[in-house]
$ cat run_18.tsv   # TSV, C-alpha atoms
chain	number	residue	atom	x	y	z
L	1	MET	CA	-61.65	58.80	-95.24
L	2	PRO	CA	-60.36	62.39	-95.13
L	3	GLU	CA	-63.22	63.34	-92.84
L	4	SER	CA	-62.34	60.46	-90.47
L	5	ASN	CA	-58.67	61.54	-90.35
L	6	ALA	CA	-59.69	65.10	-89.60
L	7	SER	CA	-61.91	63.92	-86.75
L	8	GLU	CA	-59.11	61.82	-85.29
L	9	ARG	CA	-56.68	64.73	-85.50
L	10	SER	CA	-59.23	66.96	-83.76
L	11	ASP	CA	-59.66	64.44	-80.93
L	12	ARG	CA	-55.88	64.11	-80.55
L	13	ASP	CA	-55.52	67.88	-80.47
L	14	LYS	CA	-58.18	68.19	-77.78
L	15	LYS	CA	-56.60	65.44	-75.73
L	16	TRP	CA	-53.16	67.01	-76.05
L	17	THR	CA	-54.53	70.42	-75.14
L	18	ALA	CA	-56.22	69.01	-72.05
L	19	GLN	CA	-53.03	67.24	-70.98
L	20	ALA	CA	-50.93	70.33	-71.61
L	21	THR	CA	-53.37	72.50	-69.68
L	22	GLU	CA	-53.33	70.05	-66.77
L	23	LYS	CA	-49.52	70.07	-66.68
L	24	VAL	CA	-49.39	73.87	-66.83
L	25	LEU	CA	-51.86	74.12	-63.96
L	26	ALA	CA	-49.83	71.60	-61.95
L	27	VAL	CA	-46.65	73.64	-62.56
L	28	LEU	CA	-48.41	76.85	-61.55
L	29	ASN	CA	-49.79	75.25	-58.38
L	30	ARG	CA	-46.37	73.93	-57.47
L	31	ALA	CA	-44.84	77.34	-58.12
L	32	ASP	CA	-47.43	78.88	-55.83
L	33	GLU	CA	-46.63	76.33	-53.14
L	34	LEU	CA	-42.91	77.00	-53.52
L	35	GLY	CA	-43.58	80.72	-53.41
L	36	GLY	CA	-45.53	80.29	-50.19
L	37	GLU	CA	-42.80	78.16	-48.65
L	38	VAL	CA	-40.15	80.69	-49.66
L	39	ARG	CA	-42.29	83.54	-48.32
L	40	ASP	CA	-42.81	81.72	-45.00
L	41	TYR	CA	-39.10	80.94	-44.79
L	42	LEU	CA	-38.11	84.54	-45.43
L	43	HIS	CA	-40.72	85.80	-42.97
L	44	ASP	CA	-39.41	83.44	-40.30
L	45	ARG	CA	-35.81	84.43	-40.98
L	46	VAL	CA	-36.64	88.12	-40.86
L	47	ALA	CA	-38.54	87.70	-37.60
L	48	THR	CA	-35.79	85.70	-35.86
L	49	ASP	CA	-32.50	86.79	-37.44
L	50	PRO	CA	-30.49	88.68	-34.76
L	51	ARG	CA	-29.24	91.27	-37.24
L	52	TYR	CA	-32.73	92.10	-38.44
L	53	VAL	CA	-34.03	92.21	-34.86
L	54	SER	CA	-31.23	94.59	-33.85
L	55	ALA	CA	-31.99	96.82	-36.84
L	56	ARG	CA	-35.70	96.91	-36.01
L	57	LYS	CA	-34.95	97.77	-32.38
L	58	ALA	CA	-32.62	100.60	-33.45
L	59	VAL	CA	-35.24	102.05	-35.82
L	60	ALA	CA	-37.98	101.71	-33.19
L	61	LYS	CA	-35.79	103.47	-30.63
L	62	LEU	CA	-35.19	106.38	-32.99
L	63	LEU	CA	-38.95	106.67	-33.46
L	64	GLY	CA	-39.57	106.55	-29.71
L	65	ARG	CA	-41.16	103.14	-29.91
L	66	LYS	CA	-40.44	99.69	-28.56
L	67	TYR	CA	-39.91	96.60	-30.69
L	68	GLU	CA	-40.01	93.05	-29.36
L	69	SER	CA	-38.96	90.06	-31.41
L	70	ARG	CA	-41.10	86.98	-31.74
L	71	GLU	CA	-38.82	85.09	-29.33
L	72	GLU	CA	-39.10	87.85	-26.73
L	73	VAL	CA	-42.90	87.88	-26.99
L	74	THR	CA	-43.04	84.08	-26.64
L	75	LEU	CA	-40.65	84.10	-23.69
L	76	LYS	CA	-42.64	86.84	-21.93
L	77	ALA	CA	-45.88	84.87	-22.41
L	78	GLN	CA	-44.26	81.73	-20.99
L	79	VAL	CA	-42.93	83.60	-17.94
L	80	LYS	CA	-46.36	85.14	-17.31
L	81	ALA	CA	-48.06	81.74	-17.57
L	82	GLU	CA	-45.55	80.19	-15.16
L	83	ARG	CA	-46.03	83.02	-12.64
L	84	THR	CA	-49.82	82.68	-12.86
L	85	ALA	CA	-49.58	78.92	-12.28
L	86	ALA	CA	-47.23	79.44	-9.31
L	87	VAL	CA	-49.56	81.99	-7.70
L	88	ALA	CA	-52.57	79.70	-8.24
L	89	ALA	CA	-50.69	76.82	-6.61
L	90	VAL	CA	-50.01	78.71	-3.36
L	91	THR	CA	-53.23	80.75	-3.18
L	92	PRO	CA	-55.91	78.99	-1.13
L	93	GLU	CA	-59.21	78.49	-2.87
L	94	LYS	CA	-61.77	81.01	-1.75
L	95	LYS	CA	-64.76	79.45	-0.09
L	96	THR	CA	-68.21	80.90	-0.45
L	97	LYS	CA	-69.28	82.51	2.79
L	98	SER	CA	-72.07	80.62	4.53
L	99	LEU	CA	-75.37	82.37	5.15
L	100	GLY	CA	-75.35	81.00	8.69
L	101	ASP	CA	-73.93	83.24	11.43
L	102	PRO	CA	-72.59	81.42	14.54
L	103	ALA	CA	-72.94	84.66	16.51
L	104	LEU	CA	-76.74	84.43	16.21
L	105	LYS	CA	-78.74	81.85	18.11
L	106	ALA	CA	-81.28	81.40	15.34
L	107	GLN	CA	-81.83	82.65	11.81
L	108	VAL	CA	-84.99	82.17	9.81
L	109	TYR	CA	-84.92	82.87	6.09
L	110	GLY	CA	-88.59	82.72	5.18
L	111	LYS	CA	-91.60	84.56	3.87
L	112	LYS	CA	-94.24	86.41	5.82
L	113	SER	CA	-96.89	84.81	3.60
L	114	CYS	CA	-95.60	81.29	4.42
L	115	PRO	CA	-97.41	79.55	7.31
L	116	TRP	CA	-94.36	77.34	7.96
L	117	SER	CA	-92.20	80.42	8.50
L	118	GLY	CA	-94.78	81.70	10.97
L	119	ARG	CA	-94.82	78.38	12.84
L	120	ALA	CA	-91.01	78.41	13.12
L	121	ILE	CA	-91.06	81.94	14.56
L	122	THR	CA	-93.82	80.99	17.01
L	123	LEU	CA	-91.81	77.99	18.24
L	124	LEU	CA	-88.69	80.12	18.79
L	125	GLU	CA	-90.67	82.84	20.58
L	126	ARG	CA	-92.32	80.22	22.80
L	127	HIS	CA	-88.83	79.21	23.97
L	128	LYS	CA	-87.79	82.87	24.28
L	129	VAL	CA	-85.05	82.40	21.66
L	130	ASP	CA	-83.52	85.50	20.09
L	131	TYR	CA	-83.72	85.12	16.32
L	132	ASP	CA	-83.07	87.02	13.11
L	133	PHE	CA	-85.79	86.87	10.46
L	134	VAL	CA	-85.10	87.63	6.79
L	135	ASP	CA	-88.16	88.06	4.60
L	136	LEU	CA	-87.23	86.63	1.21
L	137	GLU	CA	-90.23	88.37	-0.36
L	138	GLU	CA	-88.58	91.74	0.22
L	139	PRO	CA	-86.80	92.99	-2.95
L	140	GLU	CA	-83.48	93.46	-1.16
L	141	HIS	CA	-83.46	89.81	-0.01
L	142	GLU	CA	-84.77	88.02	-3.12
L	143	ALA	CA	-81.22	87.46	-4.35
L	144	LYS	CA	-80.55	85.21	-1.32
L	145	LEU	CA	-82.96	82.52	-2.54
L	146	ALA	CA	-80.58	80.94	-5.06
L	147	PRO	CA	-77.55	80.83	-2.69
L	148	LEU	CA	-79.76	79.37	0.05
L	149	ALA	CA	-81.03	76.58	-2.19
L	150	LEU	CA	-77.50	75.85	-3.40
L	151	GLU	CA	-75.99	75.83	0.09
L	152	THR	CA	-78.74	73.84	1.81
L	153	ARG	CA	-80.03	71.66	-1.05
L	154	GLN	CA	-83.51	72.62	0.10
L	155	ASN	CA	-86.10	74.14	-2.18
L	156	THR	CA	-88.71	75.33	0.32
L	157	VAL	CA	-88.96	78.02	2.99
L	158	PRO	CA	-88.18	78.50	5.75
L	159	TYR	CA	-84.42	77.95	5.84
L	160	ILE	CA	-83.47	77.72	9.52
L	161	TYR	CA	-79.97	78.08	10.99
L	162	LEU	CA	-79.13	77.48	14.64
L	163	ARG	CA	-75.79	78.92	15.72
L	164	GLY	CA	-74.76	79.20	12.08
L	165	SER	CA	-75.56	75.56	11.23
L	166	PHE	CA	-78.37	74.79	8.80
L	167	ILE	CA	-80.88	72.35	10.29
L	168	GLY	CA	-83.71	72.35	7.72
L	169	GLY	CA	-87.20	73.81	7.72
L	170	PHE	CA	-89.98	73.97	10.31
L	171	ASN	CA	-90.29	70.16	10.54
L	172	ALA	CA	-86.59	69.88	11.41
L	173	LEU	CA	-86.89	72.59	14.07
L	174	SER	CA	-89.97	70.90	15.51
L	175	GLU	CA	-88.18	67.55	15.59
L	176	ILE	CA	-85.19	69.05	17.42
L	177	GLU	CA	-87.57	70.52	19.97
L	178	ARG	CA	-89.38	67.19	20.37
L	179	LEU	CA	-86.10	65.36	20.98
L	180	GLY	CA	-85.08	67.89	23.64
L	181	GLN	CA	-82.08	69.03	21.59
L	182	LEU	CA	-83.04	72.67	21.09
L	183	GLU	CA	-81.07	73.98	24.08
L	184	VAL	CA	-77.94	72.17	22.88
L	185	ALA	CA	-78.42	73.37	19.30
L	186	LEU	CA	-78.52	76.98	20.55
L	187	MET	CA	-75.22	76.74	22.44
L	188	SER	CA	-72.18	78.63	21.20
L	189	LYS	CA	-68.89	76.76	20.67
L	190	GLU	CA	-67.59	78.07	23.96
L	191	GLU	CA	-70.73	77.01	25.84
L	192	LEU	CA	-70.67	73.60	24.21
L	193	ALA	CA	-67.00	73.10	25.09
L	194	ALA	CA	-67.76	73.80	28.75
L	195	ALA	CA	-70.82	71.53	28.82
L	196	PRO	CA	-70.82	67.98	30.24
L	197	ALA	CA	-69.72	65.12	27.99
L	198	HIS	CA	-73.25	63.79	27.46
L	199	VAL	CA	-74.31	67.23	26.17
L	200	ARG	CA	-71.34	67.48	23.81
L	201	ALA	CA	-72.23	64.04	22.48
L	202	VAL	CA	-75.59	65.26	21.18
L	203	GLU	CA	-75.50	65.36	17.38
L	204	ILE	CA	-77.77	67.81	15.60
L	205	VAL	CA	-78.41	66.34	12.16
L	206	PRO	CA	-79.63	68.67	9.38
L	207	ARG	CA	-82.90	67.59	7.84
L	208	PRO	CA	-83.29	69.43	4.51
L	209	ASN	CA	-86.90	69.42	3.36
L	210	THR	CA	-87.80	69.43	-0.32
L	211	ASP	CA	-91.50	68.60	-0.37
L	212	GLU	CA	-93.07	70.43	2.56
L	213	VAL	CA	-96.56	71.61	1.72
L	214	ALA	CA	-98.53	73.95	3.90
L	215	PRO	CA	-101.56	72.14	5.33
L	216	ALA	CA	-104.99	73.36	4.37
L	217	GLU	CA	-106.35	75.88	6.81
L	218	SER	CA	-109.11	74.37	8.93
L	219	THR	CA	-112.53	75.83	8.28
L	220	SER	CA	-115.54	75.71	10.52
L	221	PRO	CA	-118.54	73.93	8.98
L	222	GLU	CA	-121.38	76.14	7.98
L	223	PRO	CA	-124.28	75.93	10.41
L	224	ALA	CA	-127.18	73.85	9.19
L	225	ILE	CA	-130.23	75.80	8.19

$ encode --input "run_18.tsv" --output "structure tokens"
Amino acid sequence: MPESNASERSDRDKKWTAQATEKVLAVLNRADELGGEVRDYLHDRVATDPRYVSARKAVAKLLGRKYESREEVTLKAQVKAERTAAVAAVTPEKKTKSLGDPALKAQVYGKKSCPWSGRAITLLERHKVDYDFVDLEEPEHEAKLAPLALETRQNTVPYIYLRGSFIGGFNALSEIERLGQLEVALMSKEELAAAPAHVRAVEIVPRPNTDEVAPAESTSPEPAI
């Protein structure tokens, strides 16, 4: 019996100790929370109280420095954001400059190793058309490939512009020639404005090409032995 009583007292003591420890920890946690709240309150008061701000400004001035209160910093940030928004609202959006030049009759962005580029140049020369050729295989022009693909939505060379307007690749140029539209496509705005109505009515439709493949070069059969 004495041993049983001792065991019960030990269990009660342990239980009481655990409860007391839990309460002490709860009190300490609450005290820490209150301390944090008080600290935050004091920090906020110190940062915004006019008397404290004036004192800090006076001390900073004596030290040759500048002190700005939290409210002043916030106000300055708001004013800056409003000015930026106002400027953005009245500033026109910059447009990416086109790679087509209306001052030039024809432009061919191609590669000397590409047979389609060669065919386009041959067609233009046959019609005695002044053209500007840009070899995209040259190191100084390689950077134009990505802007050309983005602007024209075409992934193959050549990229052909007539009077600054993109028309497509060699197939598009050949089609324009076949339809008898090449002379109209090469007119400047001034020339087109002075042309007859039926000429002005001609619509040159761009024909971006994405799957043009150079045909196999014809080979002569070997003579029979």

$ atom_distance --input "run_18.tsv" --atom1 "atom CA of Pro50 of chain L" --atom2 "atom CA of Tyr67 of chain L"
13.0 Å

$ closest_residue --input "run_18.tsv" --among "L:Ala149, L:Val157, L:Ile121, L:Leu192" --to "Leu136 of chain L" --atoms "only C-alpha atoms"
L:Val157

$ residues_near_point --input "run_18.tsv" --point "(-83.1, 71.4, 3.2)" --cutoff "9 Å" --atoms "all atoms listed in the file" --output "list in words"
Ala149, Glu151, Thr152, Arg153, Gln154, Asn155, Thr156, Val157, Tyr159, Ile160, Phe166, Ile167, Gly168, Gly169, Pro206, Arg207, Pro208, Asn209 and Thr210 of chain L

$ write_last_selection --input "run_18.tsv" --atoms "C-alpha atoms" --output "CSV table (one decimal), in the coordinates of the input"
chain,number,residue,atom,x,y,z
L,149,ALA,CA,-81.0,76.6,-2.2
L,151,GLU,CA,-76.0,75.8,0.1
L,152,THR,CA,-78.7,73.8,1.8
L,153,ARG,CA,-80.0,71.7,-1.0
L,154,GLN,CA,-83.5,72.6,0.1
L,155,ASN,CA,-86.1,74.1,-2.2
L,156,THR,CA,-88.7,75.3,0.3
L,157,VAL,CA,-89.0,78.0,3.0
L,159,TYR,CA,-84.4,78.0,5.8
L,160,ILE,CA,-83.5,77.7,9.5
L,166,PHE,CA,-78.4,74.8,8.8
L,167,ILE,CA,-80.9,72.4,10.3
L,168,GLY,CA,-83.7,72.4,7.7
L,169,GLY,CA,-87.2,73.8,7.7
L,206,PRO,CA,-79.6,68.7,9.4
L,207,ARG,CA,-82.9,67.6,7.8
L,208,PRO,CA,-83.3,69.4,4.5
L,209,ASN,CA,-86.9,69.4,3.4
L,210,THR,CA,-87.8,69.4,-0.3

$ residues_around --input "run_18.tsv" --residues "Ala185 of chain L" --least-positions-apart "6" --cutoff "9 Å" --atoms "all atoms listed in the file" --output "ChimeraX atom specification"
/L:105,162-163,165,176,202-204

$ atom_distance --input "run_18.tsv" --atom1 "atom CA of Val134 of chain L" --atom2 "atom CA of Gln107 of chain L"
7.8 Å

$ atom_distance --input "run_18.tsv" --atom1 "atom CA of Ser69 of chain L" --atom2 "atom CA of Asp49 of chain L"
9.4 Å

$ closest_residue --input "run_18.tsv" --among "L:Phe133, L:Lys144, L:Gln19, L:Phe170" --to "Leu99 of chain L" --atoms "all atoms listed in the file"
L:Lys144

$ closest_residue --input "run_18.tsv" --among "L:Pro102, L:Gly64, L:Gly110, L:Pro115" --to "Glu142 of chain L" --atoms "all atoms listed in the file"
L:Gly110

$ residues_around --input "run_18.tsv" --residues "Asp132 of chain L" --least-positions-apart "6" --cutoff "8 Å" --atoms "all atoms listed in the file" --output "JSON, numbers by chain"
{"L": [104, 106, 107, 108]}

$ closest_residue --input "run_18.tsv" --among "L:Leu62, L:Pro196, L:Leu182, L:Ala26" --to "Lys128 of chain L" --atoms "only C-alpha atoms"
L:Leu182
